[in-house]
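Heads up, coords.txt below (compact mmCIF, C-alpha atoms):
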# COMPACT_ATOMS: atom_id res chain seq x y z
CA MET A 151 -4.61 15.81 215.71
CA LEU A 152 -3.63 19.41 216.38
CA PRO A 153 -5.59 21.20 219.13
CA VAL A 154 -9.01 22.18 217.75
CA SER A 155 -12.40 22.75 219.34
CA ASP A 156 -15.44 20.60 218.63
CA ALA A 157 -17.21 23.73 217.40
CA VAL A 158 -14.58 24.35 214.70
CA LEU A 159 -14.67 20.70 213.58
CA ALA A 160 -18.45 20.78 213.31
CA ALA A 161 -18.35 24.03 211.32
CA LEU A 162 -15.73 22.94 208.74
CA PRO A 163 -18.26 22.22 205.96
CA GLY A 164 -19.67 25.74 206.34
CA ALA A 165 -16.40 27.67 206.54
CA LEU A 166 -16.76 31.08 204.83
CA GLN A 167 -13.12 31.38 203.78
CA ARG A 168 -9.82 29.52 204.12
CA PRO A 169 -7.09 32.15 204.38
CA TYR A 170 -3.41 31.19 204.36
CA ARG A 171 -0.08 32.79 205.11
CA ALA A 172 3.67 32.13 205.21
CA ASP A 173 6.78 33.43 206.94
CA TRP A 174 10.48 32.72 206.60
CA SER A 175 13.62 32.81 208.75
CA ASN A 176 17.36 32.80 208.10
CA ASP A 177 18.43 32.67 211.77
CA GLY A 178 17.20 29.24 212.83
CA GLY A 179 13.71 30.44 213.70
CA ARG A 180 14.58 33.19 216.20
CA THR A 181 12.85 35.78 213.99
CA TRP A 182 10.26 35.31 211.25
CA THR A 183 9.41 37.60 208.33
CA PRO A 184 5.97 37.41 206.65
CA CYS A 185 5.79 36.86 202.91
CA GLY A 186 3.11 36.40 200.28
CA LEU A 187 1.96 33.24 198.51
CA GLN A 188 0.79 33.06 194.92
CA ALA A 189 -2.85 31.93 195.01
CA GLY A 190 -3.18 28.18 194.51
CA SER A 191 0.57 27.57 194.46
CA ALA A 192 1.16 26.15 197.95
CA GLN A 193 0.62 22.40 197.81
CA ILE A 194 1.52 20.24 200.81
CA THR A 195 1.65 16.51 201.50
CA ALA A 196 2.05 14.94 204.93
CA SER A 197 2.96 11.25 205.01
CA ARG A 198 4.02 8.75 207.68
CA THR A 199 6.06 6.76 205.15
CA ALA A 200 8.02 9.56 203.44
CA GLU A 201 11.60 10.53 204.36
CA THR A 202 10.27 13.80 205.74
CA ARG A 203 6.75 13.97 207.13
CA TYR A 204 5.86 17.25 205.40
CA THR A 205 6.79 18.11 201.81
CA GLY A 206 5.43 20.62 199.36
CA SER A 207 5.97 23.40 196.86
CA ALA A 208 4.97 27.06 196.70
CA THR A 209 5.48 30.32 194.85
CA LEU A 210 6.53 33.10 197.22
CA THR A 211 5.84 36.78 196.56
CA GLY A 212 7.32 39.92 198.05
CA VAL A 213 10.71 38.27 198.68
CA THR A 214 14.21 38.38 197.26
CA SER A 215 16.69 35.54 196.80
CA GLY A 216 20.25 35.33 198.02
CA ALA A 217 22.13 35.43 201.32
CA ALA A 218 19.85 38.10 202.82
CA GLY A 219 16.68 36.59 201.37
CA ILE A 220 15.40 33.17 200.37
CA ASN A 221 18.23 30.69 199.84
CA PRO A 222 18.67 26.90 199.93
CA ILE A 223 21.21 26.95 202.78
CA SER A 224 19.81 28.83 205.77
CA THR A 225 16.16 29.56 204.95
CA ASN A 226 13.29 27.89 206.78
CA LEU A 227 9.70 28.52 205.69
CA ARG A 228 6.52 28.07 207.75
CA LEU A 229 3.06 27.66 206.23
CA TRP A 230 -0.28 28.31 207.92
CA GLN A 231 -3.86 27.42 206.97
CA GLY A 232 -6.78 29.34 208.42
CA VAL A 233 -10.46 28.57 208.78
CA GLN A 234 -12.84 31.55 208.73
CA LEU A 235 -16.13 30.81 210.50
CA PRO A 236 -19.19 33.09 210.64
CA ARG A 237 -18.89 36.00 213.09
CA ALA A 238 -15.45 34.91 214.31
CA GLN A 239 -11.78 35.58 213.78
CA PRO A 240 -9.88 33.03 211.63
CA VAL A 241 -8.57 29.96 213.44
CA TRP A 242 -4.98 29.28 212.32
CA PHE A 243 -3.23 25.91 212.03
CA PRO A 244 0.49 25.30 211.32
CA VAL A 245 1.16 23.25 208.17
CA GLY A 246 4.85 22.43 208.53
CA ARG A 247 8.25 24.04 208.86
CA TYR A 248 10.38 23.46 205.79
CA THR A 249 13.82 23.72 204.31
CA VAL A 250 13.85 25.53 200.97
CA GLY A 251 15.18 23.83 197.86
CA ARG A 252 15.81 25.02 194.29
CA PRO A 253 14.50 28.62 194.51
CA ARG A 254 13.71 29.81 190.99
CA GLN A 255 12.59 33.29 190.03
CA THR A 256 9.59 33.37 187.70
CA ARG A 257 7.23 36.00 186.38
CA THR A 258 4.77 35.35 189.23
CA GLY A 259 7.23 34.97 192.10
CA LEU A 260 9.93 32.77 193.60
CA GLU A 261 9.17 29.08 193.14
CA VAL A 262 10.53 26.80 195.88
CA GLU A 263 10.53 23.11 196.71
CA LEU A 264 9.85 22.31 200.36
CA ALA A 265 10.98 19.46 202.64
CA GLY A 266 10.44 19.05 206.37
CA ILE A 267 13.32 19.99 208.67
CA GLU A 268 14.15 16.30 209.23
CA ASP A 269 15.99 16.88 205.96
CA GLU A 270 18.49 19.08 207.81
CA ILE A 271 19.20 16.29 210.30
CA ARG A 272 19.71 13.82 207.45
CA SER A 273 22.11 16.24 205.76
CA ALA A 274 24.07 16.88 208.97
CA GLY A 275 26.17 13.73 208.79
CA LEU A 276 28.76 12.92 211.45
CA PRO A 277 32.20 14.30 210.48
CA THR A 278 33.90 11.29 212.06
CA ALA A 279 32.77 7.96 213.47
CA ARG A 280 32.13 8.12 217.20
CA THR A 281 30.52 6.21 220.04
CA VAL A 282 27.10 7.27 221.29
CA GLY A 283 26.02 6.32 224.80
CA PRO A 284 25.55 4.65 227.09
CA GLY A 285 22.86 6.94 228.43
CA ASP A 286 19.15 7.59 228.62
CA ALA A 287 17.28 7.93 225.31
CA ARG A 288 16.18 11.50 226.03
CA GLY A 289 19.70 12.81 226.48
CA LEU A 290 21.14 10.99 223.45
CA VAL A 291 18.33 11.98 221.09
CA GLU A 292 18.27 15.62 222.16
CA THR A 293 22.06 15.88 221.80
CA LEU A 294 22.06 14.43 218.28
CA VAL A 295 19.17 16.68 217.24
CA GLY A 296 20.63 19.77 218.91
CA GLU A 297 23.94 19.40 217.07
CA ALA A 298 22.10 19.52 213.73
CA LEU A 299 19.27 21.93 214.60
CA PRO A 300 20.38 24.36 217.33
CA GLY A 301 17.41 25.77 219.21
CA VAL A 302 14.82 23.33 217.83
CA PRO A 303 13.01 21.54 220.68
CA VAL A 304 12.32 17.81 220.95
CA ALA A 305 8.87 16.75 222.16
CA TRP A 306 8.24 13.35 223.76
CA ARG A 307 4.65 12.18 223.51
CA ALA A 308 2.98 10.06 226.16
CA GLY A 309 3.68 6.35 225.82
CA VAL A 310 7.38 6.65 224.94
CA ASN A 311 9.92 5.71 227.62
CA ALA A 312 12.40 8.55 227.20
CA ASP A 313 14.36 7.39 230.26
CA MET A 314 15.22 3.98 228.83
CA LEU A 315 18.94 3.19 229.06
CA ILE A 316 20.55 2.91 225.62
CA PRO A 317 23.81 0.90 225.34
CA GLN A 318 26.93 2.23 223.69
CA LEU A 319 26.63 2.38 219.90
CA LEU A 320 29.05 3.08 217.09
CA ALA A 321 27.77 5.94 214.94
CA GLU A 322 29.63 5.75 211.66
CA ASP A 323 28.42 8.58 209.41
CA SER A 324 24.63 9.01 209.38
CA ARG A 325 23.08 10.98 212.25
CA TRP A 326 19.53 10.11 211.16
CA ALA A 327 20.33 6.39 211.04
CA VAL A 328 21.37 6.43 214.71
CA LEU A 329 18.34 8.51 215.69
CA SER A 330 15.67 6.69 213.73
CA SER A 331 16.00 3.23 212.20
CA GLY A 332 19.41 2.74 210.62
CA THR A 333 21.51 -0.42 210.46
CA ASP A 334 25.20 -1.23 210.72
CA SER A 335 27.28 -3.09 208.13
CA SER A 336 25.92 -6.45 209.35
CA GLY A 337 22.28 -5.38 208.96
CA THR A 338 21.69 -5.06 212.72
CA SER A 339 19.48 -2.10 213.66
CA THR A 340 21.14 0.77 215.51
CA GLY A 341 18.17 3.16 215.62
CA ILE A 342 17.55 4.59 219.09
CA VAL A 343 13.93 5.67 218.54
CA GLU A 344 13.01 2.42 216.79
CA SER A 345 14.23 0.52 219.87
CA LEU A 346 11.69 2.51 221.93
CA ALA A 347 8.82 1.17 219.77
CA ALA A 348 8.41 4.74 218.53
CA GLU A 349 8.97 6.98 215.51
CA ILE A 350 10.64 10.38 215.09
CA PHE A 351 9.50 13.20 212.81
CA ALA A 352 9.02 16.97 212.56
CA ASP A 353 5.38 17.77 213.32
CA ALA A 354 3.23 20.49 211.77
CA ARG A 355 4.82 23.11 214.06
CA GLY A 356 8.35 22.10 213.10
CA VAL A 357 9.01 20.46 216.47
CA ILE A 358 11.05 17.25 216.36
CA THR A 359 8.68 14.73 217.91
CA VAL A 360 9.16 11.22 219.30
CA ALA A 361 5.82 9.39 219.41
CA PRO A 362 4.51 5.84 219.79
CA VAL A 363 3.76 3.99 216.57
CA PRO A 364 0.05 4.71 215.95
CA THR A 365 -2.47 1.86 215.86
CA LEU A 366 -6.16 1.44 215.12
CA ALA A 367 -6.69 1.04 218.87
CA ASP A 368 -5.95 4.77 219.32
CA PRO A 369 -8.92 7.10 219.97
CA VAL A 370 -10.93 8.35 216.98
CA VAL A 371 -10.25 12.07 216.45
CA TRP A 372 -12.64 12.84 213.56
CA ARG A 373 -15.75 11.27 212.05
CA ILE A 374 -16.20 11.68 208.30
CA GLY A 375 -19.85 11.11 207.40
CA ARG A 376 -22.10 11.34 204.39
CA GLY A 377 -25.38 13.13 203.82
CA PRO A 378 -26.52 16.62 204.86
CA GLY A 379 -23.78 18.29 206.89
CA GLY A 380 -21.39 15.42 206.19
CA VAL A 381 -17.86 15.98 204.99
CA LEU A 382 -17.12 12.84 202.97
CA ILE A 383 -16.99 13.60 199.26
CA GLU A 384 -15.55 10.66 197.34
CA PRO A 385 -14.31 7.41 198.91
CA GLN A 386 -12.44 4.77 196.89
CA THR A 387 -11.39 1.46 198.43
CA GLU A 388 -8.44 -0.70 197.42
CA GLN A 389 -6.95 -3.94 198.75
CA SER A 390 -3.23 -4.72 198.77
CA SER A 391 -0.80 -7.04 200.57
CA GLU A 392 2.18 -4.73 200.06
CA GLY A 393 4.24 -4.46 203.25
CA LEU A 394 2.07 -6.96 205.09
CA ALA A 395 3.54 -8.98 207.98
CA ASN A 396 1.43 -10.88 210.52
CA VAL A 397 4.30 -12.42 212.53
CA TRP A 398 7.34 -10.55 213.89
CA ALA A 399 10.42 -12.00 215.60
CA VAL A 400 12.57 -9.38 217.35
CA THR A 401 16.03 -10.02 218.78
CA GLY A 402 18.49 -7.90 220.74
CA ASP A 403 22.08 -8.54 219.71
CA ALA A 404 24.81 -6.12 220.73
CA GLY A 405 27.54 -8.38 219.32
CA SER A 406 31.05 -8.59 220.83
CA GLY A 407 30.22 -11.88 222.49
CA GLU A 408 27.37 -10.46 224.60
CA SER A 409 24.31 -12.62 225.20
CA VAL A 410 21.46 -12.43 222.70
CA ILE A 411 18.07 -11.13 223.90
CA GLY A 412 15.04 -13.01 222.66
CA PRO A 413 13.67 -13.52 220.14
CA ALA A 414 10.37 -12.00 221.22
CA TYR A 415 7.36 -12.73 219.02
CA ALA A 416 4.19 -10.87 218.15
CA TRP A 417 1.50 -12.03 215.75
CA ASP A 418 -2.04 -11.26 214.65
CA ASP A 419 -4.07 -13.30 217.13
CA ASP A 420 -7.53 -12.02 216.13
CA PRO A 421 -9.51 -14.96 214.68
CA GLY A 422 -11.77 -12.51 212.85
CA SER A 423 -8.90 -10.81 211.03
CA LEU A 424 -8.10 -11.56 207.41
CA THR A 425 -4.43 -11.69 208.46
CA TYR A 426 -4.96 -14.04 211.41
CA ALA A 427 -1.71 -15.97 212.00
CA GLY A 428 -3.27 -18.83 213.94
CA PRO A 429 -3.43 -19.53 217.67
CA ASP A 430 0.36 -19.98 218.04
CA PRO A 431 2.46 -19.87 214.85
CA VAL A 432 5.66 -20.23 216.91
CA GLY A 433 4.88 -23.02 219.38
CA ASP A 434 2.19 -24.84 217.39
CA PRO A 435 2.62 -24.13 213.67
CA LEU A 436 0.40 -27.10 212.66
CA ALA A 437 -2.61 -25.80 214.59
CA PRO A 438 -4.32 -24.27 211.51
CA GLN A 439 -4.18 -27.62 209.72
CA ARG A 440 -5.40 -29.52 212.77
CA LEU A 441 -8.21 -27.05 213.49
CA GLY A 442 -9.35 -26.60 209.90
CA LEU A 443 -8.21 -22.96 209.65
CA TRP A 444 -7.59 -23.23 205.92
CA HIS A 445 -7.46 -19.47 205.35
CA VAL A 446 -4.44 -18.86 207.61
CA ARG A 447 -1.31 -17.65 205.78
CA LEU A 448 1.93 -16.54 207.46
CA ARG A 449 3.91 -13.44 206.48
CA VAL A 450 6.95 -13.48 208.79
CA GLN A 451 9.48 -10.67 209.35
CA ARG A 452 12.55 -10.58 211.57
CA HIS A 453 14.23 -7.62 213.23
CA THR A 454 17.55 -7.52 215.09
CA SER A 455 18.73 -4.48 217.05
CA ALA A 456 21.90 -3.67 218.91
CA VAL A 457 19.90 -1.22 221.04
CA ILE A 458 17.48 -3.76 222.55
CA THR A 459 18.74 -4.83 225.97
CA SER A 460 15.78 -6.64 227.57
CA LEU A 461 13.08 -9.12 226.61
CA THR A 462 10.39 -6.62 227.66
CA GLN A 463 11.82 -4.06 225.25
CA ALA A 464 11.96 -6.70 222.49
CA TYR A 465 8.25 -7.48 223.04
CA GLU A 466 7.35 -3.78 222.82
CA VAL A 467 9.24 -3.40 219.55
CA ALA A 468 7.68 -6.59 218.14
CA HIS A 469 4.16 -5.34 218.86
CA ALA A 470 4.98 -1.89 217.39
CA LYS A 471 6.32 -3.55 214.23
CA LEU A 472 3.18 -5.70 214.03
CA ALA A 473 0.87 -2.69 214.44
CA ASP A 474 2.70 -0.88 211.64
CA SER A 475 2.54 -3.80 209.19
CA LEU A 476 -1.08 -4.90 209.68
CA GLY A 477 -4.08 -3.33 208.02
CA VAL A 478 -2.24 -2.27 204.87
CA GLN A 479 -4.26 -4.72 202.85
CA TYR A 480 -7.44 -2.61 202.87
CA SER A 481 -6.96 1.07 202.16
CA LEU A 482 -9.31 3.96 201.52
CA ALA A 483 -8.58 6.91 199.29
CA LEU A 484 -11.07 9.70 199.86
CA THR A 485 -11.68 13.36 199.29
CA ALA A 486 -13.12 15.23 202.25
CA VAL A 487 -13.68 18.75 203.49
CA CYS A 488 -10.25 20.13 204.39
CA ASN A 489 -9.42 19.70 208.07
CA PRO A 490 -6.03 21.38 208.67
CA ALA A 491 -5.89 19.99 212.23
CA LEU A 492 -5.59 16.42 210.93
CA GLU A 493 -2.17 14.73 211.07
CA PRO A 494 -0.70 11.50 209.65
CA GLY A 495 -1.16 8.73 212.21
CA ASP A 496 -4.56 10.01 213.37
CA VAL A 497 -7.42 7.54 213.60
CA ILE A 498 -10.64 8.58 211.89
CA GLU A 499 -14.03 6.94 211.45
CA ALA A 500 -15.43 7.06 207.91
CA GLU A 501 -18.86 6.20 206.56
CA VAL A 502 -17.53 4.12 203.66
CA THR A 503 -21.02 3.18 202.44
CA PRO A 504 -24.32 4.60 203.67
CA GLY A 505 -24.76 3.51 207.29
CA VAL A 506 -21.48 1.55 207.41
CA TRP A 507 -18.70 3.10 209.53
CA GLU A 508 -15.07 1.94 209.71
CA LYS A 509 -12.04 3.02 211.72
CA HIS A 510 -9.08 4.00 209.55
CA LEU A 511 -5.55 5.18 210.28
CA VAL A 512 -4.40 8.15 208.19
CA ASP A 513 -1.18 7.40 206.31
CA THR A 514 -1.10 10.37 203.92
CA LEU A 515 -2.96 13.65 203.50
CA SER A 516 -2.54 16.36 200.90
CA TYR A 517 -4.19 19.64 199.95
CA THR A 518 -3.62 23.07 198.44
CA LEU A 519 -3.62 25.96 200.90
CA GLY A 520 -6.90 27.80 200.58
CA ALA A 521 -8.76 24.85 199.04
CA ALA A 522 -11.99 23.54 200.53
CA SER A 523 -11.12 19.83 200.18
CA MET A 524 -8.26 17.47 200.97
CA SER A 525 -7.21 13.98 199.87
CA LEU A 526 -6.53 11.19 202.35
CA THR A 527 -5.06 7.72 202.06
CA THR A 528 -5.84 5.47 205.01
CA ARG A 529 -5.67 1.83 206.07
CA THR A 530 -7.63 -0.48 208.30
CA SER A 531 -7.76 -4.13 209.34
CA ALA A 532 -9.79 -6.24 206.96
CA ARG A 533 -12.23 -8.75 208.44
CA ARG A 534 -13.07 -12.23 207.19
CA LEU A 535 -16.50 -12.48 205.60
Written form, structure tokens:
Amino acid sequence: MLPVSDAVLAALPGALQRPYRADWSNDGGRTWTPCGLQAGSAQITASRTAETRYTGSATLTGVTSGAAGINPISTNLRLWQGVQLPRAQPVWFPVGRYTVGRPRQTRTGLEVELAGIEDEIRSAGLPTARTVGPGDARGLVETLVGEALPGVPVAWRAGVNADMLIPQLLAEDSRWAVLSSGTDSSGTSTGIVESLAAEIFADARGVITVAPVPTLADPVVWRIGRGPGGVLIEPQTEQSSEGLANVWAVTGDAGSGESVIGPAYAWDDDPGSLTYAGPDPVGDPLAPQRLGLWHVRLRVQRHTSAVITSLTQAYEVAHAKLADSLGVQYSLALTAVCNPALEPGDVIEAEVTPGVWEKHLVDTLSYTLGAASMSLTTRTSARRL
């Protein structure tokens, strides 16, 4: 979650106003020019599973189009959401830095489609195939990002080993594939950040961020309760097995006759979990039958990476993959008081029924700038009854 005081969180239901603003830049963010927003036009969605974390649309006012104004080549747009509390100045929160697509002049202003600045890295393909590395992850990632987005910083969150040595890789054409989670022609992963058991995205400030894969074991950042002073408006639960995997096998294979690392395994070992994989699905696959665990079902996924060079690294990636593929079977769609400090990947605690609280991981959030409510889609680990 973005930095926010406990006092502001507690006062969200009673906010007097929710002002908003925007500014744009054509020089890579060195200077920013304020512009207007048509009321109710700025809609944003932030999602962990989308190609760019932040997307949206808006109608800009007080601007011109073209080379010296808003254009789809050089323009970046920043959005901001404010919270006006009694007897205080507005507290402002960034809501993404975007590339501008399809500007269209209308009677009310300039309509634009918005995509996070990861889109500029994806578009900045490699002019020719080249080798990347060997070197530490920090240097390789920051070089690849800096070539596509001069002047944009890279932030490394706690829990990511930015000094890990990355072997030499062949980067064929896609810069984002080498940075994030791409594969070569044989299907072997070549993603640098994925090999760190991490993910890469542009955060709400427009900073390229490398962060650990979030899990339900992370600290709760916001409690969404019912009743007087509560902020939960309308929860709806849904169960699904889409994307579920409760066993992962991860291998490091650089090819060229080099020795194979692993495989390293990770599985759901919680007997109380609906996705429990048994005591040892690798070494003792008949244990569920022998022990009468009739509910156990395996959903196995494999992952091979040319960037994994040690068994310890393979174990870290296996557990990150497991954390990201568990809990999808029980999701919660809810409408709550708008909290612009909330980010995808945050862990919240929601009162799903009166007196019953559950931890959920936020996958997607969306709202209209200036609106009092927001929509969330979350997931959690289901428990056996």
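Of the residues under consideration (A:Ile374, A:Ala395, A:Val512, A:Ala437), A:Ile374 shows the shortest atom-to-atom contact distance to A:Glu499 when counting all atoms listed in the file.
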Practice prompt. Identify, on the basis of all atoms listed in the file, every residue whose closest approach to stretch 412-422 of chain A does not exceed 8 Å; exclude the query and any residue fewer than 4 positions from it along the same chain; express the result as a PyMOL selection string.
Written response: chain A and resi 396-402+426-429+431-432+461+464-465+468-469+472+533-534
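Pairwise distance (atom CA of A:Pro253, atom CA of A:Arg325) equals 26.4 Å.
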Practice prompt. Identify, on the basis of all atoms listed in the file, every residue whose closest approach to A:Gly296 does not exceed 12 Å; exclude the query and any residue fewer than 5 positions from it along the same chain; express the result as an NGL selection string.
Written response: :A and (178 or 270-271 or 274 or 288-291 or 301-304 or 325 or 329 or 357-358)
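Ranking A:Gly266, A:Ala521, A:Trp372, A:Val506 by their shortest atom-to-atom distance to A:Ser197, with all atoms listed in the file included, puts A:Gly266 first.
You can rank A:Thr202, A:Gln234, A:Thr527, A:Ser175 by their closest distance to A:Ala217 using all atoms listed in the file, and at the top of that list sits A:Ser175.
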Practice prompt. Please provide as an MDAnalysis selection string all residues within 9 Å of A:Asp353, with the sequence filter that same-chain residues fewer than 4 positions apart are discarded (counting all atoms listed in the file).
Written response: chainID A and resid 203:204 245:247 266 357:359 493
Mind writing the picked residues with C-alpha atoms as an mmCIF file, keeping the file's coordinate frame?
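Okay, part-v3.cif is ready:
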data_model
loop_
_atom_site.group_PDB
_atom_site.id
_atom_site.type_symbol
_atom_site.label_atom_id
_atom_site.label_comp_id
_atom_site.auth_asym_id
_atom_site.auth_seq_id
_atom_site.Cartn_x
_atom_site.Cartn_y
_atom_site.Cartn_z
ATOM 1 C CA ARG A 203 6.750 13.970 207.130
ATOM 2 C CA TYR A 204 5.860 17.250 205.400
ATOM 3 C CA VAL A 245 1.160 23.250 208.170
ATOM 4 C CA GLY A 246 4.850 22.430 208.530
ATOM 5 C CA ARG A 247 8.250 24.040 208.860
ATOM 6 C CA GLY A 266 10.440 19.050 206.370
ATOM 7 C CA VAL A 357 9.010 20.460 216.470
ATOM 8 C CA ILE A 358 11.050 17.250 216.360
ATOM 9 C CA THR A 359 8.680 14.730 217.910
ATOM 10 C CA GLU A 493 -2.170 14.730 211.070
#
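Atom pair atom CA of A:Val410 / atom CA of A:Leu294: separated by 27.2 Å.
Distance check against A:Arg447 using only C-alpha atoms: of A:Trp306, A:Pro494, A:Ser391, A:Arg228, the minimum falls on A:Ser391.
Counting only C-alpha atoms, the residue from A:Ser409, A:Ser531, A:Leu436, A:Ala354 that sits nearest to A:Leu424 is A:Ser531.
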Worksheet entry | Neighbour list for stretch 210-216 of chain A as number ranges by chain, cut-off 12 Å, all atoms listed in the file, skip fewer than 2 positions in-chain | A: 171-176, 183-192, 207-208, 218-225, 227-229, 250-264
Determine, counting only C-alpha atoms, which protein, DNA and RNA residues have an atom within 7 Å of an atom of A:Pro364; residues of the same chain fewer than 2 positions away are not included. Present the result as a PDB file with C-alpha atoms, in the frame of the given file.
ATOM      1  CA  PRO A 362       4.510   5.840 219.790  1.00  0.00           C
ATOM      2  CA  ASP A 368      -5.950   4.770 219.320  1.00  0.00           C
ATOM      3  CA  GLY A 495      -1.160   8.730 212.210  1.00  0.00           C
TER       4      GLY A 495
END
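Closest to A:Thr338 among A:Leu366, A:Ile267, A:Val457, A:Ala361 is A:Val457, based on only C-alpha atoms.
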Quick one: what's the axis-aligned box for stretch 218-232 of chain A, all listed atoms, 8 Å on every side, centre and edges in Å to one decimal, as lines of an AutoDock Vina configuration file?
center_x = 7.2
center_y = 32.5
center_z = 204.1
size_x = 44.0
size_y = 27.2
size_z = 24.6
Discussion item. Could you tell me how far atom CA of A:Ala483 sits from atom CA of A:Gly393, in Å to one decimal place?
Written reply: 17.6 Å
